[in-house]
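Quick look at structure_35.txt (compact mmCIF, N, CA and C atoms):
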```txt
# COMPACT_ATOMS: atom_id res chain seq x y z
N MET X 12 38.30 -34.40 200.09
CA MET X 12 37.25 -35.01 200.86
C MET X 12 35.93 -34.77 200.13
N SER X 13 35.27 -35.81 199.67
CA SER X 13 34.01 -35.63 198.96
C SER X 13 32.84 -35.68 199.93
N ARG X 14 31.75 -35.14 199.49
CA ARG X 14 30.55 -35.09 200.33
C ARG X 14 29.87 -36.45 200.34
N PRO X 15 29.61 -37.01 201.52
CA PRO X 15 28.90 -38.28 201.60
C PRO X 15 27.49 -38.15 201.01
N LYS X 16 26.98 -39.23 200.42
CA LYS X 16 25.66 -39.21 199.79
C LYS X 16 24.55 -38.83 200.77
N ASP X 17 24.63 -39.34 201.97
CA ASP X 17 23.57 -39.11 202.95
C ASP X 17 23.85 -37.95 203.89
N ALA X 18 24.74 -37.05 203.51
CA ALA X 18 25.10 -35.92 204.38
C ALA X 18 23.93 -34.96 204.53
N ASP X 19 23.72 -34.50 205.72
CA ASP X 19 22.67 -33.53 206.03
C ASP X 19 23.34 -32.17 206.18
N ALA X 20 23.09 -31.27 205.23
CA ALA X 20 23.77 -29.98 205.22
C ALA X 20 23.49 -29.17 206.48
N GLN X 21 22.25 -29.21 206.98
CA GLN X 21 21.92 -28.47 208.19
C GLN X 21 22.65 -29.03 209.41
N GLU X 22 22.72 -30.35 209.49
CA GLU X 22 23.42 -30.98 210.62
C GLU X 22 24.91 -30.65 210.55
N THR X 23 25.48 -30.70 209.35
CA THR X 23 26.89 -30.39 209.17
C THR X 23 27.16 -28.94 209.55
N ARG X 24 26.32 -28.04 209.08
CA ARG X 24 26.48 -26.61 209.40
C ARG X 24 26.37 -26.40 210.91
N GLY X 25 25.41 -27.05 211.53
CA GLY X 25 25.25 -26.94 212.98
C GLY X 25 26.46 -27.48 213.72
N ARG X 26 27.02 -28.58 213.23
CA ARG X 26 28.19 -29.17 213.89
C ARG X 26 29.38 -28.22 213.82
N PHE X 27 29.68 -27.67 212.65
CA PHE X 27 30.85 -26.79 212.64
C PHE X 27 30.57 -25.44 213.25
N LEU X 28 29.30 -25.05 213.36
CA LEU X 28 28.98 -23.83 214.10
C LEU X 28 29.22 -24.04 215.60
N ARG X 29 28.84 -25.22 216.11
CA ARG X 29 29.12 -25.55 217.52
C ARG X 29 30.63 -25.58 217.76
N CYS X 30 31.37 -26.18 216.84
CA CYS X 30 32.82 -26.23 216.97
C CYS X 30 33.42 -24.82 216.92
N ALA X 31 32.89 -23.98 216.04
CA ALA X 31 33.37 -22.60 215.95
C ALA X 31 33.11 -21.85 217.25
N CYS X 32 31.94 -22.05 217.84
CA CYS X 32 31.62 -21.39 219.12
C CYS X 32 32.58 -21.87 220.21
N ASP X 33 32.86 -23.17 220.23
CA ASP X 33 33.81 -23.71 221.22
C ASP X 33 35.19 -23.09 221.05
N LEU X 34 35.66 -23.01 219.80
CA LEU X 34 36.98 -22.42 219.55
C LEU X 34 37.01 -20.93 219.88
N LEU X 35 35.95 -20.25 219.53
CA LEU X 35 35.89 -18.81 219.79
C LEU X 35 35.88 -18.53 221.29
N ALA X 36 35.26 -19.42 222.04
CA ALA X 36 35.17 -19.24 223.48
C ALA X 36 36.45 -19.61 224.21
N ALA X 37 37.33 -20.36 223.56
CA ALA X 37 38.58 -20.79 224.21
C ALA X 37 39.69 -19.81 223.85
N PRO X 38 40.07 -18.96 224.79
CA PRO X 38 41.07 -17.93 224.47
C PRO X 38 42.42 -18.48 224.03
N SER X 39 42.74 -19.69 224.43
CA SER X 39 44.06 -20.24 224.08
C SER X 39 44.05 -20.93 222.71
N GLU X 40 42.88 -21.12 222.13
CA GLU X 40 42.77 -21.81 220.84
C GLU X 40 42.85 -20.81 219.69
N ALA X 41 43.46 -21.24 218.60
CA ALA X 41 43.48 -20.42 217.39
C ALA X 41 42.09 -20.46 216.77
N PHE X 42 41.62 -19.31 216.33
CA PHE X 42 40.30 -19.28 215.69
C PHE X 42 40.48 -18.84 214.25
N ASN X 43 40.31 -19.78 213.36
CA ASN X 43 40.32 -19.50 211.93
C ASN X 43 39.52 -20.59 211.23
N MET X 44 39.29 -20.40 209.94
CA MET X 44 38.47 -21.35 209.19
C MET X 44 39.07 -22.76 209.20
N ARG X 45 40.38 -22.83 209.11
CA ARG X 45 41.05 -24.14 209.10
C ARG X 45 40.88 -24.87 210.44
N ALA X 46 41.00 -24.14 211.54
CA ALA X 46 40.83 -24.75 212.87
C ALA X 46 39.40 -25.24 213.06
N VAL X 47 38.44 -24.47 212.60
CA VAL X 47 37.03 -24.87 212.71
C VAL X 47 36.79 -26.13 211.87
N ALA X 48 37.31 -26.14 210.66
CA ALA X 48 37.14 -27.31 209.78
C ALA X 48 37.76 -28.55 210.41
N ARG X 49 38.96 -28.40 210.96
CA ARG X 49 39.64 -29.53 211.59
C ARG X 49 38.84 -30.07 212.77
N LYS X 50 38.37 -29.17 213.63
CA LYS X 50 37.62 -29.58 214.81
C LYS X 50 36.28 -30.24 214.43
N ALA X 51 35.65 -29.76 213.36
CA ALA X 51 34.36 -30.29 212.93
C ALA X 51 34.50 -31.48 211.99
N ASP X 52 35.73 -31.79 211.63
CA ASP X 52 36.02 -32.91 210.73
C ASP X 52 35.34 -32.73 209.36
N VAL X 53 35.48 -31.51 208.84
CA VAL X 53 35.01 -31.20 207.50
C VAL X 53 36.14 -30.48 206.77
N SER X 54 35.98 -30.30 205.47
CA SER X 54 36.99 -29.58 204.72
C SER X 54 36.83 -28.07 204.92
N VAL X 55 37.90 -27.34 204.69
CA VAL X 55 37.84 -25.88 204.78
C VAL X 55 36.82 -25.36 203.77
N GLY X 56 36.76 -26.00 202.61
CA GLY X 56 35.80 -25.61 201.58
C GLY X 56 34.36 -25.71 202.05
N THR X 57 34.08 -26.72 202.87
CA THR X 57 32.73 -26.88 203.41
C THR X 57 32.38 -25.70 204.31
N VAL X 58 33.31 -25.31 205.16
CA VAL X 58 33.08 -24.16 206.04
C VAL X 58 32.91 -22.90 205.19
N GLN X 59 33.76 -22.74 204.19
CA GLN X 59 33.68 -21.56 203.34
C GLN X 59 32.42 -21.54 202.47
N TYR X 60 31.87 -22.70 202.19
CA TYR X 60 30.62 -22.76 201.45
C TYR X 60 29.49 -22.10 202.25
N HIS X 61 29.48 -22.34 203.55
CA HIS X 61 28.44 -21.80 204.42
C HIS X 61 28.75 -20.40 204.92
N PHE X 62 30.03 -20.10 205.10
CA PHE X 62 30.45 -18.80 205.63
C PHE X 62 31.56 -18.25 204.76
N GLU X 63 31.33 -17.07 204.23
CA GLU X 63 32.27 -16.46 203.30
C GLU X 63 33.63 -16.20 203.93
N ASP X 64 33.63 -15.75 205.17
CA ASP X 64 34.88 -15.42 205.83
C ASP X 64 34.76 -15.59 207.34
N LYS X 65 35.85 -15.33 208.02
CA LYS X 65 35.91 -15.50 209.47
C LYS X 65 34.92 -14.57 210.19
N LYS X 66 34.77 -13.36 209.71
CA LYS X 66 33.85 -12.41 210.33
C LYS X 66 32.42 -12.93 210.28
N GLN X 67 32.04 -13.49 209.15
CA GLN X 67 30.69 -14.04 209.02
C GLN X 67 30.48 -15.23 209.97
N LEU X 68 31.52 -16.01 210.15
CA LEU X 68 31.45 -17.15 211.07
C LEU X 68 31.33 -16.67 212.52
N ILE X 69 32.08 -15.64 212.88
CA ILE X 69 31.99 -15.07 214.23
C ILE X 69 30.59 -14.49 214.45
N ASP X 70 30.06 -13.79 213.45
CA ASP X 70 28.71 -13.24 213.57
C ASP X 70 27.68 -14.36 213.78
N ALA X 71 27.86 -15.49 213.09
CA ALA X 71 26.95 -16.62 213.26
C ALA X 71 27.05 -17.20 214.67
N CYS X 72 28.25 -17.22 215.24
CA CYS X 72 28.43 -17.69 216.62
C CYS X 72 27.70 -16.76 217.59
N ILE X 73 27.84 -15.48 217.40
CA ILE X 73 27.17 -14.51 218.26
C ILE X 73 25.65 -14.63 218.11
N ASP X 74 25.18 -14.81 216.87
CA ASP X 74 23.74 -15.01 216.65
C ASP X 74 23.26 -16.26 217.38
N THR X 75 24.07 -17.31 217.39
CA THR X 75 23.71 -18.55 218.09
C THR X 75 23.53 -18.27 219.58
N VAL X 76 24.43 -17.48 220.16
CA VAL X 76 24.33 -17.13 221.58
C VAL X 76 23.03 -16.39 221.84
N TYR X 77 22.74 -15.38 221.04
CA TYR X 77 21.53 -14.59 221.27
C TYR X 77 20.26 -15.41 221.01
N ASN X 78 20.30 -16.31 220.05
CA ASN X 78 19.14 -17.18 219.82
C ASN X 78 18.90 -18.10 221.01
N THR X 79 19.97 -18.60 221.59
CA THR X 79 19.83 -19.45 222.78
C THR X 79 19.23 -18.64 223.93
N LEU X 80 19.71 -17.43 224.11
CA LEU X 80 19.16 -16.57 225.17
C LEU X 80 17.68 -16.27 224.91
N ALA X 81 17.32 -16.03 223.66
CA ALA X 81 15.92 -15.74 223.33
C ALA X 81 15.03 -16.94 223.61
N GLU X 82 15.54 -18.14 223.37
CA GLU X 82 14.76 -19.35 223.65
C GLU X 82 14.56 -19.54 225.16
N LEU X 83 15.51 -19.07 225.94
CA LEU X 83 15.41 -19.22 227.40
C LEU X 83 14.48 -18.19 228.04
N ALA X 84 14.29 -17.07 227.40
CA ALA X 84 13.49 -15.99 227.99
C ALA X 84 12.09 -16.45 228.40
N PRO X 85 11.31 -17.11 227.54
CA PRO X 85 9.98 -17.53 227.97
C PRO X 85 10.01 -18.54 229.12
N ILE X 86 11.02 -19.38 229.13
CA ILE X 86 11.16 -20.35 230.21
C ILE X 86 11.40 -19.63 231.53
N LEU X 87 12.28 -18.63 231.51
CA LEU X 87 12.54 -17.86 232.72
C LEU X 87 11.30 -17.11 233.19
N VAL X 88 10.60 -16.51 232.26
CA VAL X 88 9.39 -15.76 232.62
C VAL X 88 8.39 -16.69 233.28
N MET X 89 8.22 -17.89 232.70
CA MET X 89 7.27 -18.84 233.28
C MET X 89 7.70 -19.27 234.69
N GLN X 90 9.00 -19.53 234.86
CA GLN X 90 9.49 -19.96 236.16
C GLN X 90 9.41 -18.85 237.20
N LEU X 91 9.60 -17.63 236.76
CA LEU X 91 9.64 -16.51 237.71
C LEU X 91 8.26 -15.90 237.97
N SER X 92 7.30 -16.15 237.10
CA SER X 92 6.00 -15.51 237.26
C SER X 92 5.23 -16.02 238.48
N ASN X 93 5.58 -17.16 238.98
CA ASN X 93 4.89 -17.71 240.15
C ASN X 93 5.41 -17.13 241.47
N GLU X 94 6.52 -16.44 241.42
CA GLU X 94 7.15 -15.92 242.63
C GLU X 94 6.54 -14.58 243.01
N LYS X 95 5.99 -14.48 244.21
CA LYS X 95 5.32 -13.25 244.66
C LYS X 95 6.22 -12.39 245.55
N ASP X 96 7.08 -13.02 246.32
CA ASP X 96 7.97 -12.30 247.23
C ASP X 96 9.16 -11.75 246.44
N SER X 97 9.41 -10.43 246.53
CA SER X 97 10.48 -9.81 245.73
C SER X 97 11.87 -10.33 246.10
N ASN X 98 12.11 -10.61 247.37
CA ASN X 98 13.42 -11.16 247.77
C ASN X 98 13.61 -12.57 247.21
N ALA X 99 12.56 -13.36 247.26
CA ALA X 99 12.64 -14.71 246.70
C ALA X 99 12.80 -14.65 245.19
N LEU X 100 12.13 -13.68 244.55
CA LEU X 100 12.26 -13.51 243.11
C LEU X 100 13.69 -13.15 242.73
N LEU X 101 14.28 -12.21 243.44
CA LEU X 101 15.66 -11.82 243.18
C LEU X 101 16.61 -13.00 243.38
N ASP X 102 16.40 -13.74 244.46
CA ASP X 102 17.21 -14.92 244.72
C ASP X 102 17.10 -15.92 243.56
N ARG X 103 15.89 -16.15 243.10
CA ARG X 103 15.65 -17.10 242.00
C ARG X 103 16.31 -16.63 240.71
N VAL X 104 16.21 -15.33 240.40
CA VAL X 104 16.82 -14.78 239.19
C VAL X 104 18.34 -14.97 239.23
N VAL X 105 18.95 -14.67 240.36
CA VAL X 105 20.41 -14.81 240.49
C VAL X 105 20.81 -16.27 240.33
N ARG X 106 20.07 -17.17 240.96
CA ARG X 106 20.39 -18.60 240.86
C ARG X 106 20.23 -19.11 239.43
N LEU X 107 19.16 -18.71 238.75
CA LEU X 107 18.97 -19.14 237.36
C LEU X 107 20.04 -18.55 236.44
N GLY X 108 20.40 -17.30 236.68
CA GLY X 108 21.46 -16.67 235.88
C GLY X 108 22.79 -17.38 236.06
N PHE X 109 23.11 -17.70 237.30
CA PHE X 109 24.36 -18.41 237.59
C PHE X 109 24.35 -19.80 236.97
N GLN X 110 23.21 -20.49 237.07
CA GLN X 110 23.09 -21.82 236.49
C GLN X 110 23.27 -21.75 234.97
N PHE X 111 22.65 -20.76 234.33
CA PHE X 111 22.81 -20.60 232.89
C PHE X 111 24.27 -20.35 232.54
N ALA X 112 24.93 -19.47 233.28
CA ALA X 112 26.33 -19.15 233.00
C ALA X 112 27.22 -20.38 233.12
N ARG X 113 26.97 -21.21 234.11
CA ARG X 113 27.77 -22.43 234.28
C ARG X 113 27.53 -23.42 233.15
N GLU X 114 26.28 -23.55 232.72
CA GLU X 114 25.95 -24.52 231.68
C GLU X 114 26.35 -24.04 230.29
N HIS X 115 26.50 -22.73 230.12
CA HIS X 115 26.81 -22.16 228.80
C HIS X 115 28.08 -21.32 228.84
N ARG X 116 29.11 -21.84 229.47
CA ARG X 116 30.36 -21.09 229.59
C ARG X 116 30.91 -20.59 228.25
N PRO X 117 30.90 -21.41 227.21
CA PRO X 117 31.42 -20.89 225.93
C PRO X 117 30.64 -19.66 225.44
N PHE X 118 29.32 -19.67 225.63
CA PHE X 118 28.52 -18.53 225.19
C PHE X 118 28.88 -17.29 225.98
N ILE X 119 29.09 -17.45 227.26
CA ILE X 119 29.45 -16.30 228.09
C ILE X 119 30.80 -15.74 227.66
N ARG X 120 31.74 -16.63 227.37
CA ARG X 120 33.06 -16.16 226.90
C ARG X 120 32.95 -15.42 225.58
N ILE X 121 32.08 -15.88 224.71
CA ILE X 121 31.89 -15.20 223.42
C ILE X 121 31.34 -13.79 223.66
N LEU X 122 30.37 -13.67 224.56
CA LEU X 122 29.80 -12.36 224.83
C LEU X 122 30.80 -11.43 225.50
N GLU X 123 31.74 -11.99 226.26
CA GLU X 123 32.75 -11.17 226.93
C GLU X 123 33.78 -10.62 225.95
N SER X 124 34.00 -11.31 224.84
CA SER X 124 35.06 -10.87 223.92
C SER X 124 34.62 -9.79 222.97
```
Would it be possible to restate this file's structure as structure tokens?
Amino acid sequence: MSRPKDADAQETRGRFLRCACDLLAAPSEAFNMRAVARKADVSVGTVQYHFEDKKQLIDACIDTVYNTLAELAPILVMQLSNEKDSNALLDRVVRLGFQFAREHRPFIRILES
């Protein structure tokens, strides 16, 4: 499989990183370089070009989770800073946490493993 002329390396890396996170989060799926390449529709060599081994790929998935959480922190602070009542604040925090967990199930599964 040759590299297309107009291929965007960052987009390709992002695509197979998303696929790797999905596979890592699915306990019934095999997680290896070949499975990630197949799911992302790239060659194994392409995955290996960006990630030396499976451990490095797993570390990148975990970094993706933490980067997503870091991006959400200022949003949460802004949403919660207007709340003056402590009971209402606690209720809002729990609701936002639950909403995040539902929307980012693969990330939560990665953190659990």
Worksheet item: What does the distance from atom CA of Asp33 of chain X to atom CA of Phe118 of chain X come to in Å, to one decimal?
Response: 8.4 Å
Worksheet entry | Separation of atom C of Phe111 of chain X from atom C of Leu83 of chain X in Å |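 Separation of atom C of Leu83 of chain X and atom C of Phe111 of chain X: 11.0 Å.
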Item to complete: Write out as a PyMOL selection string all residues of chain X that backbone DSSP assigns to helix (DSSP H, G or I).
Response: chain X and resi 20-36+44-51+55-61+65-91+97-114+116-123
So which residues are close to (32.7, -30.2, 213.1), meaning at most 6 Å away in the file's coordinates with only C-alpha atoms counted, and can you show them as a CSV table (one decimal) with N, CA and C atoms, keeping the file's coordinate frame?
```
chain,number,residue,atom,x,y,z
X,26,ARG,N,27.0,-28.6,213.2
X,26,ARG,CA,28.2,-29.2,213.9
X,26,ARG,C,29.4,-28.2,213.8
X,27,PHE,N,29.7,-27.7,212.6
X,27,PHE,CA,30.8,-26.8,212.6
X,27,PHE,C,30.6,-25.4,213.2
X,30,CYS,N,31.4,-26.2,216.8
X,30,CYS,CA,32.8,-26.2,217.0
X,30,CYS,C,33.4,-24.8,216.9
X,50,LYS,N,38.4,-29.2,213.6
X,50,LYS,CA,37.6,-29.6,214.8
X,50,LYS,C,36.3,-30.2,214.4
X,51,ALA,N,35.6,-29.8,213.4
X,51,ALA,CA,34.4,-30.3,212.9
X,51,ALA,C,34.5,-31.5,212.0
X,52,ASP,N,35.7,-31.8,211.6
X,52,ASP,CA,36.0,-32.9,210.7
X,52,ASP,C,35.3,-32.7,209.4
```
Fill in: X:Ala81, X:Leu68, X:Leu28, X:Leu87 ranked by distance to Val105 of chain X, top pick (using only C-alpha atoms)
X:Leu87
Item to complete: Grab the atom CA of Pro117 of chain X to atom N of Ala36 of chain X distance for me, in Å with one decimal place.
Response: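 For atom CA of Pro117 of chain X relative to atom N of Ala36 of chain X, the distance reads 5.7 Å.
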Worksheet item: Which one of X:Gln59, X:Thr79, X:Val104, X:Gly25 sits closest to Leu91 of chain X if you count all atoms listed in the file?
Response: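 Checking each of X:Gln59, X:Thr79, X:Val104, X:Gly25 against Leu91 of chain X, counting all atoms listed in the file, the winner is X:Val104.
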